[in-house]
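S.K.: structure_22.tsv is reproduced in full below (TSV, C-alpha atoms).
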chain	number	residue	atom	x	y	z
A	1	MET	CA	0.00	0.00	0.00
A	2	VAL	CA	1.45	3.36	-1.06
A	3	PRO	CA	1.38	5.83	1.84
A	4	PRO	CA	-0.51	9.07	1.21
A	5	GLU	CA	1.51	12.21	0.55
A	6	ARG	CA	2.17	14.18	3.69
A	7	ARG	CA	0.88	17.74	3.70
A	8	ARG	CA	2.16	20.61	5.81
A	9	ARG	CA	1.12	20.15	9.40
A	10	SER	CA	-1.44	22.57	10.75
A	11	THR	CA	-0.19	24.75	13.59
A	12	GLN	CA	-1.81	26.35	16.60
A	13	ARG	CA	-1.54	29.67	14.75
A	14	ASP	CA	-3.67	28.18	11.94
A	15	ILE	CA	-6.26	27.03	14.47
A	16	ALA	CA	-6.33	30.46	16.15
A	17	ARG	CA	-6.91	32.17	12.80
A	18	HIS	CA	-9.60	29.64	11.81
A	19	ALA	CA	-11.46	29.86	15.14
A	20	GLY	CA	-11.03	33.62	15.56
A	21	VAL	CA	-9.25	33.39	18.91
A	22	SER	CA	-5.75	34.07	20.23
A	23	GLN	CA	-2.93	31.53	19.93
A	24	ALA	CA	-2.66	31.55	23.73
A	25	THR	CA	-6.29	30.40	23.94
A	26	VAL	CA	-5.59	27.60	21.48
A	27	SER	CA	-2.57	26.52	23.51
A	28	LEU	CA	-4.62	26.32	26.70
A	29	VAL	CA	-7.39	24.29	25.05
A	30	ILE	CA	-5.03	21.88	23.27
A	31	SER	CA	-2.96	21.26	26.40
A	32	GLY	CA	-6.06	19.98	28.17
A	33	GLY	CA	-4.60	20.78	31.57
A	34	ALA	CA	-6.25	22.38	34.59
A	35	ALA	CA	-5.63	25.87	33.16
A	36	SER	CA	-7.95	25.09	30.24
A	37	ALA	CA	-10.90	25.25	32.66
A	38	GLN	CA	-10.79	29.04	32.45
A	39	ILE	CA	-11.80	28.91	28.75
A	40	ALA	CA	-15.52	29.35	28.06
A	41	GLU	CA	-17.17	26.18	26.78
A	42	PRO	CA	-18.31	27.63	23.40
A	43	THR	CA	-14.76	28.88	22.78
A	44	ARG	CA	-13.28	25.51	23.73
A	45	ARG	CA	-15.64	23.72	21.36
A	46	ALA	CA	-14.81	26.13	18.54
A	47	VAL	CA	-11.07	25.54	19.01
A	48	LEU	CA	-11.45	21.77	19.07
A	49	ALA	CA	-13.69	21.85	15.99
A	50	ALA	CA	-11.10	23.95	14.14
A	51	ALA	CA	-8.30	21.60	15.19
A	52	GLU	CA	-10.25	18.61	13.91
A	53	GLU	CA	-11.16	20.33	10.65
A	54	LEU	CA	-7.55	21.31	10.01
A	55	GLY	CA	-6.20	17.88	11.03
A	56	TYR	CA	-4.02	19.43	13.73
A	57	THR	CA	-1.56	17.19	15.57
A	58	ALA	CA	1.06	18.09	18.14
A	59	ASN	CA	4.25	16.86	16.50
A	60	VAL	CA	5.97	15.18	19.41
A	61	ALA	CA	8.66	13.66	17.21
A	62	ALA	CA	9.59	17.05	15.74
A	63	ARG	CA	9.55	18.60	19.22
A	64	SER	CA	12.12	16.03	20.32
A	65	LEU	CA	14.47	17.09	17.51
A	66	LYS	CA	14.44	20.60	18.95
A	67	GLY	CA	15.47	19.32	22.35
A	68	GLY	CA	11.97	19.52	23.78
A	69	ARG	CA	11.57	15.89	24.77
A	70	ASN	CA	10.24	15.46	28.28
A	71	ARG	CA	11.82	12.00	28.72
A	72	LEU	CA	8.41	10.85	29.91
A	73	LEU	CA	6.87	7.68	28.51
A	74	GLY	CA	3.21	6.93	29.07
A	75	LEU	CA	1.48	3.63	29.79
A	76	TYR	CA	-2.22	3.61	28.95
A	77	THR	CA	-4.53	0.70	29.79
A	78	PHE	CA	-7.94	0.28	28.19
A	79	GLU	CA	-9.17	-1.57	31.26
A	80	SER	CA	-8.09	-1.79	34.87
A	81	VAL	CA	-5.05	-4.03	35.29
A	82	PHE	CA	-5.02	-4.14	39.06
A	83	PRO	CA	-8.05	-6.29	40.08
A	84	THR	CA	-7.10	-9.65	41.60
A	85	ASP	CA	-8.41	-11.71	38.68
A	86	GLN	CA	-6.27	-9.70	36.19
A	87	ARG	CA	-3.15	-9.31	38.30
A	88	ASP	CA	-1.31	-12.45	37.27
A	89	PHE	CA	-1.93	-11.81	33.57
A	90	TYR	CA	-0.92	-8.13	33.45
A	91	TYR	CA	1.77	-8.02	36.13
A	92	PRO	CA	4.65	-9.20	33.86
A	93	PHE	CA	3.66	-6.58	31.27
A	94	LEU	CA	3.82	-3.84	33.90
A	95	LEU	CA	7.19	-5.08	35.17
A	96	GLY	CA	8.57	-5.20	31.64
A	97	VAL	CA	7.49	-1.64	30.84
A	98	GLU	CA	8.82	-0.28	34.12
A	99	ALA	CA	12.20	-2.05	33.88
A	100	GLU	CA	12.92	-1.04	30.28
A	101	THR	CA	11.72	2.54	30.78
A	102	ALA	CA	14.14	2.93	33.70
A	103	ARG	CA	16.95	1.28	31.75
A	104	GLN	CA	16.44	3.77	28.92
A	105	GLY	CA	16.63	6.72	31.33
A	106	TYR	CA	12.96	7.74	31.07
A	107	ASP	CA	10.26	8.27	33.65
A	108	LEU	CA	6.95	6.42	33.41
A	109	LEU	CA	3.52	8.02	33.61
A	110	LEU	CA	0.49	5.76	34.10
A	111	PHE	CA	-2.69	6.90	32.35
A	112	CYS	CA	-5.84	5.31	33.72
A	113	SER	CA	-8.27	7.77	32.05
A	114	GLY	CA	-10.82	10.07	33.60
A	115	GLY	CA	-13.87	9.17	31.56
A	116	GLY	CA	-15.76	7.47	34.36
A	117	SER	CA	-15.60	6.03	37.84
A	118	GLY	CA	-15.40	2.37	36.88
A	119	PRO	CA	-12.84	0.09	35.20
A	120	SER	CA	-14.65	-0.87	31.98
A	121	ALA	CA	-13.41	0.13	28.53
A	122	ALA	CA	-16.73	1.87	27.86
A	123	GLU	CA	-15.92	4.36	30.63
A	124	ARG	CA	-12.31	5.00	29.60
A	125	SER	CA	-11.18	7.38	26.90
A	126	ILE	CA	-7.90	8.83	25.73
A	127	TYR	CA	-9.83	11.84	24.45
A	128	VAL	CA	-11.63	12.99	27.59
A	129	GLY	CA	-12.82	16.52	26.86
A	130	GLY	CA	-11.86	16.16	23.19
A	131	ALA	CA	-8.07	16.42	23.59
A	132	ASN	CA	-5.43	13.69	23.47
A	133	ARG	CA	-4.51	13.23	27.12
A	134	LEU	CA	-1.41	11.19	26.25
A	135	LYS	CA	0.45	14.20	24.83
A	136	ILE	CA	1.78	14.99	28.28
A	137	ALA	CA	4.25	12.17	27.52
A	138	ASP	CA	6.68	11.96	24.61
A	139	GLY	CA	5.00	8.73	23.50
A	140	CYS	CA	2.95	5.93	24.98
A	141	VAL	CA	2.73	2.15	25.35
A	142	LEU	CA	-0.87	0.96	25.12
A	143	LEU	CA	-2.20	-2.19	26.73
A	144	GLY	CA	-5.54	-3.96	27.02
A	145	ARG	CA	-7.86	-6.51	25.45
A	146	ASN	CA	-10.98	-4.35	25.07
A	147	VAL	CA	-9.76	-1.45	22.98
A	148	ARG	CA	-11.51	1.53	21.47
A	149	ARG	CA	-10.62	1.13	17.79
A	150	GLU	CA	-11.75	4.63	16.92
A	151	GLU	CA	-9.24	6.04	19.41
A	152	LEU	CA	-6.41	3.98	17.94
A	153	SER	CA	-7.38	5.36	14.52
A	154	ALA	CA	-7.31	8.90	15.90
A	155	LEU	CA	-3.82	8.39	17.34
A	156	VAL	CA	-2.63	7.08	13.97
A	157	ARG	CA	-4.06	10.13	12.19
A	158	GLU	CA	-2.28	12.40	14.68
A	159	ASP	CA	1.08	10.70	14.10
A	160	PHE	CA	1.28	10.44	17.88
A	161	PRO	CA	4.08	7.98	18.77
A	162	PHE	CA	2.63	4.88	20.43
A	163	VAL	CA	3.16	1.13	20.49
A	164	PHE	CA	0.46	-1.39	21.33
A	165	VAL	CA	1.34	-4.53	23.28
A	166	GLY	CA	-0.41	-7.14	21.13
A	167	ARG	CA	-1.40	-7.18	17.47
A	168	ARG	CA	-4.18	-4.72	16.74
A	169	GLU	CA	-5.60	-3.50	13.44
A	170	VAL	CA	-7.65	-0.47	12.43
A	171	ASP	CA	-9.52	0.09	9.18
A	172	ASP	CA	-7.93	3.38	8.15
A	173	GLY	CA	-4.23	2.94	8.84
A	174	GLU	CA	-1.47	0.89	10.43
A	175	LEU	CA	-0.16	1.10	13.95
A	176	SER	CA	3.01	-0.02	15.68
A	177	TYR	CA	2.79	-3.07	17.92
A	178	VAL	CA	4.75	-5.83	19.61
A	179	ALA	CA	2.84	-9.12	19.53
A	180	ALA	CA	3.21	-12.72	20.62
A	181	ASP	CA	3.75	-15.05	17.66
A	182	TYR	CA	0.52	-17.01	18.13
A	183	VAL	CA	0.68	-18.33	14.57
A	184	SER	CA	4.01	-20.16	14.94
A	185	ALA	CA	3.26	-21.28	18.50
A	186	THR	CA	-0.08	-22.83	17.55
A	187	ALA	CA	1.38	-24.47	14.44
A	188	ALA	CA	4.15	-25.95	16.61
A	189	LEU	CA	1.59	-27.48	19.01
A	190	VAL	CA	-0.25	-29.03	16.06
A	191	ALA	CA	3.07	-30.44	14.82
A	192	GLU	CA	3.77	-31.90	18.27
A	193	LEU	CA	0.38	-33.63	18.30
A	194	ALA	CA	0.87	-34.90	14.75
A	195	LEU	CA	4.16	-36.53	15.76
A	196	LEU	CA	2.20	-38.37	18.46
A	197	GLY	CA	-0.14	-39.81	15.84
A	198	HIS	CA	-3.06	-37.39	16.19
A	199	ARG	CA	-5.04	-36.72	13.01
A	200	ARG	CA	-8.38	-35.56	14.46
A	201	ILE	CA	-7.50	-32.41	16.38
A	202	LEU	CA	-10.35	-30.12	17.42
A	203	TYR	CA	-9.65	-26.41	17.84
A	204	LEU	CA	-11.92	-24.70	20.40
A	205	ARG	CA	-11.65	-20.98	19.68
A	206	ALA	CA	-13.03	-17.88	21.33
A	207	LEU	CA	-16.33	-16.58	20.02
A	208	GLU	CA	-15.15	-13.04	19.28
A	209	ASP	CA	-13.17	-12.41	16.11
A	210	SER	CA	-10.11	-10.76	17.66
A	211	GLU	CA	-6.60	-10.60	16.21
A	212	PRO	CA	-5.17	-13.18	18.70
A	213	THR	CA	-7.99	-15.60	17.84
A	214	ARG	CA	-7.45	-15.13	14.11
A	215	ASP	CA	-3.70	-15.70	14.57
A	216	ARG	CA	-4.30	-18.91	16.51
A	217	GLU	CA	-6.68	-20.17	13.84
A	218	GLU	CA	-4.14	-19.35	11.13
A	219	GLY	CA	-1.55	-21.33	13.11
A	220	TYR	CA	-3.94	-24.27	13.47
A	221	ARG	CA	-4.59	-24.34	9.73
A	222	ARG	CA	-0.90	-23.94	8.92
A	223	GLY	CA	0.09	-26.70	11.35
A	224	LEU	CA	-2.35	-29.15	9.78
A	225	ALA	CA	-1.15	-28.31	6.27
A	226	GLU	CA	2.50	-28.72	7.21
A	227	ALA	CA	1.73	-32.09	8.83
A	228	GLY	CA	-0.17	-33.27	5.76
A	229	ILE	CA	-3.48	-33.48	7.64
A	230	ALA	CA	-6.62	-32.55	5.71
A	231	LEU	CA	-8.57	-29.69	7.25
A	232	ASP	CA	-12.05	-30.57	8.53
A	233	GLU	CA	-14.01	-27.36	9.20
A	234	ALA	CA	-16.21	-29.34	11.62
A	235	LEU	CA	-13.19	-29.48	13.93
A	236	ILE	CA	-13.13	-25.71	14.41
A	237	ARG	CA	-15.64	-24.98	17.15
A	238	SER	CA	-16.53	-22.10	19.41
A	239	LEU	CA	-18.65	-21.90	22.53
A	240	THR	CA	-20.39	-18.79	23.78
A	241	ASP	CA	-17.79	-18.99	26.51
A	242	PRO	CA	-15.02	-21.63	26.36
A	243	ALA	CA	-15.31	-21.70	30.15
A	244	ASP	CA	-18.59	-23.59	29.52
A	245	LEU	CA	-16.54	-26.55	28.30
A	246	THR	CA	-17.81	-29.75	29.95
A	247	VAL	CA	-16.92	-33.41	29.87
A	248	ASP	CA	-20.22	-34.03	28.03
A	249	HIS	CA	-18.97	-31.86	25.16
A	250	LEU	CA	-15.73	-33.78	25.02
A	251	GLU	CA	-17.39	-37.19	25.11
A	252	ASP	CA	-19.67	-36.12	22.25
A	253	TRP	CA	-16.74	-34.90	20.17
A	254	ILE	CA	-14.77	-38.09	20.78
A	255	ARG	CA	-17.77	-40.26	19.86
A	256	ASP	CA	-19.24	-38.25	16.97
A	257	LEU	CA	-16.19	-36.56	15.46
A	258	GLY	CA	-13.53	-39.12	16.37
A	259	ILE	CA	-11.19	-36.54	17.89
A	260	THR	CA	-8.12	-37.64	19.81
A	261	ALA	CA	-6.80	-34.19	20.75
A	262	LEU	CA	-8.18	-30.79	21.73
A	263	LEU	CA	-6.62	-27.35	21.44
A	264	VAL	CA	-8.28	-24.76	23.68
A	265	GLU	CA	-7.94	-20.97	23.53
A	266	PRO	CA	-7.82	-19.61	27.12
A	267	THR	CA	-10.42	-17.19	28.41
A	268	GLU	CA	-9.76	-13.85	30.13
A	269	ASP	CA	-10.50	-15.14	33.63
A	270	ASN	CA	-10.05	-18.29	35.71
A	271	ARG	CA	-13.31	-20.00	34.74
A	272	LEU	CA	-11.61	-22.00	32.01
A	273	THR	CA	-9.01	-23.26	34.47
A	274	GLU	CA	-11.80	-24.31	36.80
A	275	ALA	CA	-13.76	-26.01	33.99
A	276	LEU	CA	-10.68	-27.98	32.90
A	277	ALA	CA	-9.97	-29.00	36.49
A	278	THR	CA	-13.57	-30.23	36.82
A	279	MET	CA	-13.24	-32.27	33.61
A	280	ALA	CA	-9.96	-33.80	34.73
A	281	GLY	CA	-11.50	-34.73	38.10
A	282	THR	CA	-14.36	-36.81	36.66
A	283	GLU	CA	-12.22	-39.64	35.22
A	284	ARG	CA	-14.84	-40.00	32.48
A	285	VAL	CA	-12.24	-38.73	30.02
A	286	ARG	CA	-8.62	-39.13	31.06
A	287	PHE	CA	-5.89	-36.75	29.87
A	288	PRO	CA	-3.93	-37.78	27.90
A	289	ALA	CA	-4.94	-41.48	27.84
A	290	ASP	CA	-8.35	-40.85	26.25
A	291	CYS	CA	-7.78	-37.41	24.73
A	292	SER	CA	-4.78	-35.09	24.60
A	293	LEU	CA	-5.42	-31.47	25.55
A	294	ALA	CA	-3.22	-28.42	25.10
A	295	LEU	CA	-3.83	-24.73	25.82
A	296	LEU	CA	-3.03	-22.01	23.31
A	297	GLY	CA	-1.55	-19.71	25.94
A	298	ASP	CA	-1.64	-19.25	29.71
A	299	PRO	CA	-4.84	-18.65	31.66
A	300	PRO	CA	-4.74	-15.28	33.50
A	301	SER	CA	-3.98	-16.96	36.84
A	302	TRP	CA	-2.06	-20.21	36.59
A	303	THR	CA	-2.52	-22.96	39.18
A	304	PRO	CA	-0.14	-25.79	38.24
A	305	GLU	CA	-1.09	-27.78	41.34
A	306	LEU	CA	-4.47	-28.47	39.69
A	307	ARG	CA	-2.91	-29.75	36.48
A	308	ASN	CA	0.25	-29.04	34.51
A	309	TRP	CA	-1.46	-28.61	31.15
A	310	THR	CA	0.67	-28.68	28.02
A	311	ARG	CA	0.62	-25.19	26.50
A	312	PHE	CA	2.66	-22.33	25.20
A	313	SER	CA	3.41	-19.29	27.33
A	314	LEU	CA	3.40	-15.65	26.29
A	315	PRO	CA	6.70	-13.77	26.79
A	316	ARG	CA	4.84	-10.93	28.47
A	317	ALA	CA	7.73	-9.12	30.18
A	318	ARG	CA	9.82	-9.33	27.01
A	319	MET	CA	6.93	-8.06	24.87
A	320	ALA	CA	6.54	-5.06	27.15
A	321	GLY	CA	10.27	-4.29	27.12
A	322	GLU	CA	10.39	-4.56	23.32
A	323	ALA	CA	7.41	-2.17	23.14
A	324	VAL	CA	9.35	0.44	25.12
A	325	ARG	CA	12.44	0.01	22.93
A	326	LEU	CA	10.34	0.28	19.77
A	327	LEU	CA	8.61	3.40	21.09
A	328	ILE	CA	11.93	5.12	21.73
A	329	GLU	CA	13.06	4.24	18.20
A	330	LEU	CA	9.89	5.91	16.90
A	331	LEU	CA	10.66	9.01	18.96
A	332	ASP	CA	14.09	9.19	17.36
A	333	GLN	CA	12.54	9.22	13.87
A	334	GLU	CA	11.32	12.37	12.13
A	335	THR	CA	8.07	10.59	11.26
A	336	CYS	CA	6.15	7.89	13.09
A	337	GLU	CA	6.04	5.26	10.33
A	338	PRO	CA	4.41	2.16	11.84
A	339	ARG	CA	6.55	-0.79	12.83
A	340	GLN	CA	5.52	-4.26	13.95
A	341	LEU	CA	7.45	-6.90	15.86
A	342	THR	CA	6.50	-10.45	16.83
A	343	VAL	CA	8.10	-12.31	19.74
A	344	PRO	CA	8.22	-16.13	19.95
A	345	CYS	CA	6.26	-17.95	22.65
A	346	ALA	CA	7.73	-20.64	24.90
A	347	PHE	CA	6.53	-24.25	24.70
A	348	ILE	CA	5.60	-25.73	28.11
A	349	PRO	CA	5.61	-29.57	27.82
A	350	GLY	CA	3.17	-30.28	30.67
A	351	ASP	CA	1.63	-33.72	31.05
A	352	SER	CA	-1.67	-33.51	29.17
A	353	ILE	CA	-0.69	-34.73	25.70
A	354	GLY	CA	0.40	-38.21	24.65
A	355	PRO	CA	0.08	-40.75	21.82
A	356	ALA	CA	-3.25	-40.82	20.01
A	357	ARG	CA	-5.79	-43.33	21.40
A	358	THR	CA	-6.26	-46.16	18.93
A	359	GLY	CA	-9.33	-47.96	20.28
A	360	GLY	CA	-11.69	-48.57	23.19
A	361	ARG	CA	-14.03	-46.15	24.80
A	362	PRO	CA	-12.92	-43.17	26.93
A	363	GLY	CA	-12.35	-43.95	30.58
A	364	ALA	CA	-12.02	-47.68	29.93
Give the structure from the file, written as structure tokens.

M.R.:
Amino acid sequence: MVPPERRRRSTQRDIARHAGVSQATVSLVISGGAASAQIAEPTRRAVLAAAEELGYTANVAARSLKGGRNRLLGLYTFESVFPTDQRDFYYPFLLGVEAETARQGYDLLLFCSGGGSGPSAAERSIYVGGANRLKIADGCVLLGRNVRREELSALVREDFPFVFVGRREVDDGELSYVAADYVSATAALVAELALLGHRRILYLRALEDSEPTRDREEGYRRGLAEAGIALDEALIRSLTDPADLTVDHLEDWIRDLGITALLVEPTEDNRLTEALATMAGTERVRFPADCSLALLGDPPSWTPELRNWTRFSLPRARMAGEAVRLLIELLDQETCEPRQLTVPCAFIPGDSIGPARTGGRPGA
């Protein structure tokens, strides 16, 4: 795709002329700080409308070339990362960002948004009051599952330097990200099962069509093709919530579809872990004697004492550190051309896969 030609950036002077106000007024409104409260609401709206019409962006990268860099990096989360049920999943990301930011000689500013009193993505916004709150920092690392796509698109249009932790796409541009290589990791698990004689491998995917789910499905399809196993679309299933997985489902799939292995995409909370533990405790289907089972990633809170499931693990701290390094590289460029990086996942052998069952009924 050929990038569009870049036009001259609009300035605050252009906005002031367009809105019929002083440049000082424009500066106060655009900054979005406490001082902007002294501006009358109709004036503020007129300035923001003019800025949007003119496509104004604060050129942080150019400011850095003039020695104006604050040496502040932001971390913005689209949902709360501190509740107990999220802590184990997000904690390595936070550690990775903090450690690499300090190593690079920057300070870290946590943005948790002021759009509401609760933690949900619907209540959070980068553009509270119409201005990009992240511009206090030189650039920002973004994190979260439930993103506002329209806000990512707005950041891309602004040329604001940011890197997302995880692969994310928007319709009207490209963004920079550091992502786990779900495709290769899933294909490798399929290859491992194929070596053990499995030919009927069911992939239980998440219901929503997110980038991580699409990457896992691509890896599943690639792994089958590379192992010379014909794809059966009936073996790609989704439940309203994979945490609803029961031993009845599995017995039906073994009997009706002839599966000998199951690949499961983890959910965002611990219900999947609990459902798998319940299945393993029934002895109606034994893992791996009756059916091999592997997870396509770690559950948010891992409890190996319940079962050491075979899986791959996300390099979360490394992903976060790479995001910081990539962000600083963007700051050192004159333009914020998007860059993407994938990081390999680690295979965890576990004890839940084995040779394909050749006969007899499950549990026998």

S.K.: Taking all atoms of region 133-141 of chain A that appear in the file, build a box with edges along x, y and z, extend it by 8 Å on every side, and state its centre and edge lengths in Å to one decimal, as lines of an AutoDock Vina configuration file.

M.R.:
center_x = 1.1
center_y = 8.6
center_z = 25.9
size_x = 27.2
size_y = 28.8
size_z = 20.8

S.K.: May I ask which of the residues A:Leu108, A:Ala230, A:Leu250, A:Leu75 is the closest one to Leu134 (chain A), counting only C-alpha atoms?

M.R.: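 Smallest separation from Leu134 (chain A) among the options: A:Leu75.
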
S.K.: Compile the contact shell of Leu72 (chain A) as a VMD selection string: residues with an atom at most 12 Å away, counting all atoms listed in the file, same-chain residues fewer than 5 positions apart removed.

M.R.: chain A and resid 60 64 98 101 to 102 104 to 110 134 to 141 324 327 to 328 331

S.K.: Tell me which protein, DNA and RNA residues are within 9 Å of Ile30 (chain A), counting all atoms listed in the file, leaving out same-chain ones fewer than 5 positions away, and put them as a list of chain:residue names.

M.R.: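 Surrounding residues, per the criterion: A:Gln12, A:Thr25, A:Ser36, A:Val47, A:Leu48, A:Ala51, A:Ala58, A:Gly130, A:Ala131, A:Asn132.
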
S.K.: Hey, which of A:Val29, A:Gln340, A:Asp159, A:Ala320 ends up closest to Leu142 (chain A)? Count only C-alpha atoms.

M.R.: A:Ala320

S.K.: Skipping near chain neighbours, those fewer than 6 positions away, what residues fall within 10 Å of Cys345 (chain A) using all atoms listed in the file, listed as a list in words?

M.R.: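 The residues that qualify are Ala179, Ala180, Asp181, Tyr182, Val183, Ser184, Ala185, Thr186, Gly297, Arg311, Phe312, Ser313, Leu314, Pro315 and Arg316 of chain A.
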
S.K.: My list of candidates is A:Val165, A:Ala225, A:Ala40, A:Leu54. Which is closest to Leu326 (chain A) when distances are computed with all atoms listed in the file?

M.R.: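 When distances to Leu326 (chain A) are compared using all atoms listed in the file, the smallest one comes from A:Val165.
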
S.K.: List every protein, DNA or RNA residue that has an atom no more than 12 Å from (-8.6, 33.1, 19.6) in the file's coordinate frame, counting only C-alpha atoms, and report them as a list in words.

M.R.: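 So the residues meeting the distance criterion are Gln12, Arg13, Asp14, Ile15, Ala16, Arg17, His18, Ala19, Gly20, Val21, Ser22, Gln23, Ala24, Thr25, Val26, Ser27, Leu28, Val29, Ile39, Ala40, Pro42, Thr43, Arg44, Arg45, Ala46, Val47, Leu48 and Ala50 of chain A.
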